[in-house]
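Read the structure below first, then the notes.
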Amino acid sequence: MAPPNDQINSIFTVLKSSKKDNFFELDDGKLYVRNVPLLSEVPSNVTFKSFSSVCQSSQAPLPLFQRVHSLSFKGGFLGFSQKESADCLMNSLGKFTGRDFVSIFRFKTWWSTQWVGKSGSDVQMETQWVMLDVPEIKSYVVIIPIVEGKFRSAFHPGKDGHILICAESGSTRVKESSFDAIAYVHVSDNPYTLMKEAYSAVRVHLNTFKLIEEKSAPPLVNKFGWCTWDAFYLTVDPVGVWHGVKEFADGGLSPRFLIIDDGWQSINIDGQDPHEDAKNLVLGGTQMTARLHRLDECEKFRKYKAGLMLGPNRPPFDPKRPKMLISKAIELEHAEKARDKAAQSGVTDLSKYEAEIEKHRKELNDMFGGEEQEKGSSKGCVDCSCKSENLGMKAFTRDLRTNFKGLDDIYVWHALAGAWGGVRPGATHLKSKIEHCKLSPGLDGTMTDLAVVKIIEGSVGLVDPSQADDFYDSMHSYLSKVGITGVKVDVIHMLEYVCQDYGGRVELAKAYYKGLSKSLAKNFNGTGLISSMQQCNDFFLLGTEQISIGRVGDDFWFQDPNGDPMGVYWLQGVHMIHCAYNSMWMGQFIQPDWDMFQSDHLCAKFHAGSRAICGGPVYVSDSLGGHDFDLLRKLVFPDGTIPKCVHFALPTRDCLFKNPLFDGKTILKIWNLNKYGGVVGAFNCQGAGWDPKEQRIKGFSQCYKPLSSTIHVNDIEWDQKNETTELGEAGEYAVYLCEAEKLFLTTPNSYPTPITIQPSTFEIFTFVPIKKIGQAVKFAPIGLTNLFNSGGTIQGLLYNESITKIEVKGEGKFLAYSNVAPKKAYLNGAEVVFEWSGNGKLGLDIPWYEECGGISNLTFVF
């Protein structure tokens with residue numbers, strides 16, 4: 001077989017595929033798709049080129065290259081040219097009106113969400129892609145702004161229905177006037193296949209990233225974990241972490257992975273002793289102007305002594321202390337905001353505000369004990385790695401694993417630049433420079449963000465991109481040696497703020513992502529990295545060559561940050577919309593991660609239902625003493641693994657062009673696939689969303705009400721996995737509703753099932769094909785109904801004449817549909833009693849078999 005970049009073989013492939021006429025044509029100011037006008041009033045400086053004419057060879061694997069070229073007639077590239085070179089160019093691609101679209105746009109630097117409309121003028125600033133409904137040909141078209149040369153692009157709204165493309169380098173020193181392939185356009189009769197084909201084509205063309213199908217996801221995607229963030233914020237320390245893990249273990253659900261979030265690093269603030277850790281940090285925000293002064297753990301982790309938590313006299317931990325510190329820190333934050341608001345309104349005498357701030361600051365310091373931290377070493381992590389095996393992070397991770405045998409992975413948090421404020425110049429062996437921040441024009445349309453405000457205030461200590469390899473390897477090689485198996489990398493899109501002197505945002509991003517990818521491959525088995533605050537096309541098009549999992553939603557907000565009348569409820573549905581619709585494109589690059597939640601939250605069950613069928617890991621950020629173990633047992637097996645779907649959850653077709661947040665009528669429906677069946681989750685997410693005029697997400701309380709919809713087996717896209725395609729060809733299905741506990745039969749020709757969902761609640765429909773056994777028996781295994789994703793508990797299934805054999809993982813109530821009672825039932829070879837009722841419910845209780853990894857073998861004889 002010829003190598004992937006073999007020119008002769010590649011060109012031959014192009015020649016074969018080019019015989020079919022392209023589905024797109026640009027003629028007389030109109031862009032047509034299969035003779036249907038898609039865009040009108042296309043400027044004369046806009047060009048369309050077929051995929052094959054632009055991409056004639058690639059370093060992509062040959063099978064992928066051939067697959068993309070076999071479909072190249074379905075897509076092509078848009079470009080444009082202008083007379084004057086510039087670092088930021090805006091150009092119309094044409095107009096459309098009266099045509100439904102769904103899109104993803106950046107509402108903050110870091111986060112993206114869904115938006116729908118009917119014209120180019122409805123598009124939001126910083127839109128990452130637009131999918132258009134083309135019912136005239138029963139198809140869908142996606143237009144994707146991409147990268148060309150040193151420029152990246154995004155869509156902006158234009159006047160009178162025009163859609164604008166903005167191409168920017170991020171540096172006034174990097175200019176261009178024309179582009180051949182700054183956007184990609186593709187058509188398909190299946191919206192999910194469309195995204196897969198389109199991003200495959202972009203991958204082959206750019207060769208700067210890899211598709212999820214080309215990479216392995218980290219093992220934690222199948223497991224349950226705990227993140228320390230909401231439990232401690234920046235007050236996290238070894239004793240608290242230990243007691244946190246122990247609480248889960250004592251509750252019978254030991255985490256298989258642990259994420260030690262922000263608060264473990266050696267950071268300080270400009271003006272402080274350059275060799276001493278910043279003291280008494282509590283909330284996110286206070287640390288955002290701080291910089292790394294060492295590349296290893298901070299003092300509170302460095303001073304941990306081996307065996308401290310293993311003996312009978314381990315230090316106690318007061319779970320009330322973090323909450324008290326957090327509460328006092330919030331009071332301090334409010335006092336600072338009051339001062340800033342007064343100053344902005346023209347108040348000149350701020351003494352009373354300053355006095356209030358100082359009072360809260362002293363009270364907070366006293367709560368910490370007023371203790372002075374010991375001086376840290378001025379040496380970087382190279383010398384630190386030589387310290388005793390019995391001290392610091394290495395001793396701590398070893399003790400954790402000694403006591404908690406199932407703890408496979410321990411990750412730690414860090415920002416892409418090291419810390420929020422980067423690396424302090426002169427503090428490490430790295431060349432770091434304070435770079436002032438400049439926001440791109442497109443971010444003017446995004447939401448005000450504390451993180452952005454603080455980063456601009458403090459600037460960034462940017463490690464020179466020529467040292468990006470050294471930077472990440474220095475951090476990660478040390479972490480790997482001390483027992484850390486992965487990192488959660490946050491604050492990823494700050495690079496575009498500081499790219500002026502580094503060749504622009506594309507060149508700076510390439511250098512950093514290359515270094516990060518190399519370190520990931522070397523130090524964390526190629527998979528040990530969760531990306532976060534990364535929902536912009538720069539990252540996905542340039543940074544996902546190695547990275548295989550990332551966040552698809554904004555943060556889980558357990559508190560209401562805006563004083564909304566709806567309290568904590570208003571943002572919960574928003575989170576699910578972020579995740580579901582972002583997965584449409586992000587799932588082509590990475591395994592979607594729906595983020596942590598808190599099991600004792602008012603909306604915990606709402607979140608748990610979505611996590612159960614999202615297809616990614618399940619993890620919580622519970623405070624100590626704040627667990628709902630009954631709820632968690634509906635998500636997690638006793639061994640800390642999860643009944644995970646085999647795909648990633650996506651919105652159903654009838655939701656794609658709707659607004660499930662504040663149109664007052666649409667329920668979010670998401671579909672996914674199990675090994676032997678499928679699921680549809682119906683979630684009432686109404687009550688909040690993006691307001692273009694106010695440029696923020698706000699509550700729409702009038703939409704927070706019960707809604708009705710329908711569910712059908714055809715909502716499931718069975719053909720999106722080769723191994724499940726056959727499941728979609730059944731003539732009849734058993735359907736189980738996890739909340740209503742109903743079981744019934746349906747067919748592809750049946751009427752849809754009506755359902756009414758209360759606000760912030762859900763229902764999960766499990767669909768399993770009916771198998772005919774012999775002449776009279778109809779059978780379908782539902783699984784363990786005490787878990788939300790009952791179908792995910794079925795690990796194996798074999799039909800043999802009058803015998804059905806099922807492998808089930810977990811413990812609890814097994815349910816199957818059977819129109820007749822079995823003659824006998826066996827559990828792991830021993831005959832057992834079962835229950836059967838005339839409505840087809842066949843059930844029995846299954847215990848957890850530790851020696852078999854929780855797997856039980858069920859046999860029914862008919």
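Residue numbers start at 1 in each chain; chains themselves are named A, B, ... in the order of the structure tokens; ligands are numbered from 1 in the order shown.
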Please report as a tab-separated table every residue of segment 223-316 of chain A lying within 12 Å of segment 394-398 of chain A, along with the nearest atom pair and their distance in Å (one decimal), using only C-alpha atoms.
residue	atom	partner	partner_atom	distance
A:Asp237	CA	A:Phe396	CA	10.5
A:Pro238	CA	A:Phe396	CA	7.1
A:Val239	CA	A:Phe396	CA	9.5
A:Gly240	CA	A:Phe396	CA	11.9
A:Val241	CA	A:Phe396	CA	10.0
A:Trp242	CA	A:Phe396	CA	9.0
A:Phe257	CA	A:Thr397	CA	11.9
A:Leu258	CA	A:Thr397	CA	10.5
A:Ile259	CA	A:Thr397	CA	11.9
A:Ile260	CA	A:Thr397	CA	11.0
A:Asp296	CA	A:Lys394	CA	10.9
A:Glu297	CA	A:Lys394	CA	10.1
A:Lys300	CA	A:Phe396	CA	11.3
A:Phe301	CA	A:Phe396	CA	8.0
A:Arg302	CA	A:Lys394	CA	9.1
A:Lys303	CA	A:Ala395	CA	9.9
A:Tyr304	CA	A:Phe396	CA	6.7
A:Lys305	CA	A:Ala395	CA	6.6
A:Ala306	CA	A:Ala395	CA	4.9
A:Gly307	CA	A:Ala395	CA	7.8
A:Leu308	CA	A:Phe396	CA	8.6
A:Met309	CA	A:Phe396	CA	8.7
A:Leu310	CA	A:Phe396	CA	10.3
If you count only C-alpha atoms, which residues fall within 8 Å of segment 316-328 of chain A, apart from same-chain ones fewer than 5 positions away, as a list in words? Ala231, Phe232, Thr235, Val239, Gly240, His243, Val282, Leu283, His360, Glu363, Leu364, Met367, Phe368, Ser623, Leu624 and Gly625 of chain A
Name all residues at most 7 Å from Ile794 of chain A (count only C-alpha atoms; drop same-chain ones fewer than 6 positions away) and give them as a VMD selection string. chain A and resid 783 807 to 809
Shell of 10 Å around Phe151 of chain A, only C-alpha atoms, local chain residues under 4 positions omitted, as a ChimeraX atom specification: /A:87-89,146-147,166-171,174-176,179,182,504-507,538
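Atom CA of Asn749 of chain A to atom CA of Phe779 of chain A spans 19.5 Å [interatomic distance, one decimal].
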Write out as a list of chain:residue names which residues come within 7 Å of Leu78 of chain A when counting only C-alpha atoms, dropping same-chain ones fewer than 6 positions away.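 In the requested form, the answer reads A:Val46, A:Thr47, A:Phe48, A:Lys49, A:Asp180, A:Ala181, A:Ile182, A:Ala183, A:Tyr184.
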Next, the residues of the selection above should be written as a PDB file, in the first residue's frame with C-alpha atoms.
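See part-v2.pdb below for the written result:
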ATOM      1  CA  VAL A  46     -15.960  35.505  -3.567  1.00  0.00           C
ATOM      2  CA  THR A  47     -14.800  32.236  -5.141  1.00  0.00           C
ATOM      3  CA  PHE A  48     -15.843  28.608  -4.911  1.00  0.00           C
ATOM      4  CA  LYS A  49     -13.404  25.767  -5.587  1.00  0.00           C
ATOM      5  CA  ASP A 180      -8.606  30.407  -1.607  1.00  0.00           C
ATOM      6  CA  ALA A 181     -10.039  28.206   1.137  1.00  0.00           C
ATOM      7  CA  ILE A 182     -11.101  30.171   4.210  1.00  0.00           C
ATOM      8  CA  ALA A 183     -14.415  28.320   4.601  1.00  0.00           C
ATOM      9  CA  TYR A 184     -15.617  24.828   3.749  1.00  0.00           C
TER      10      TYR A 184
END
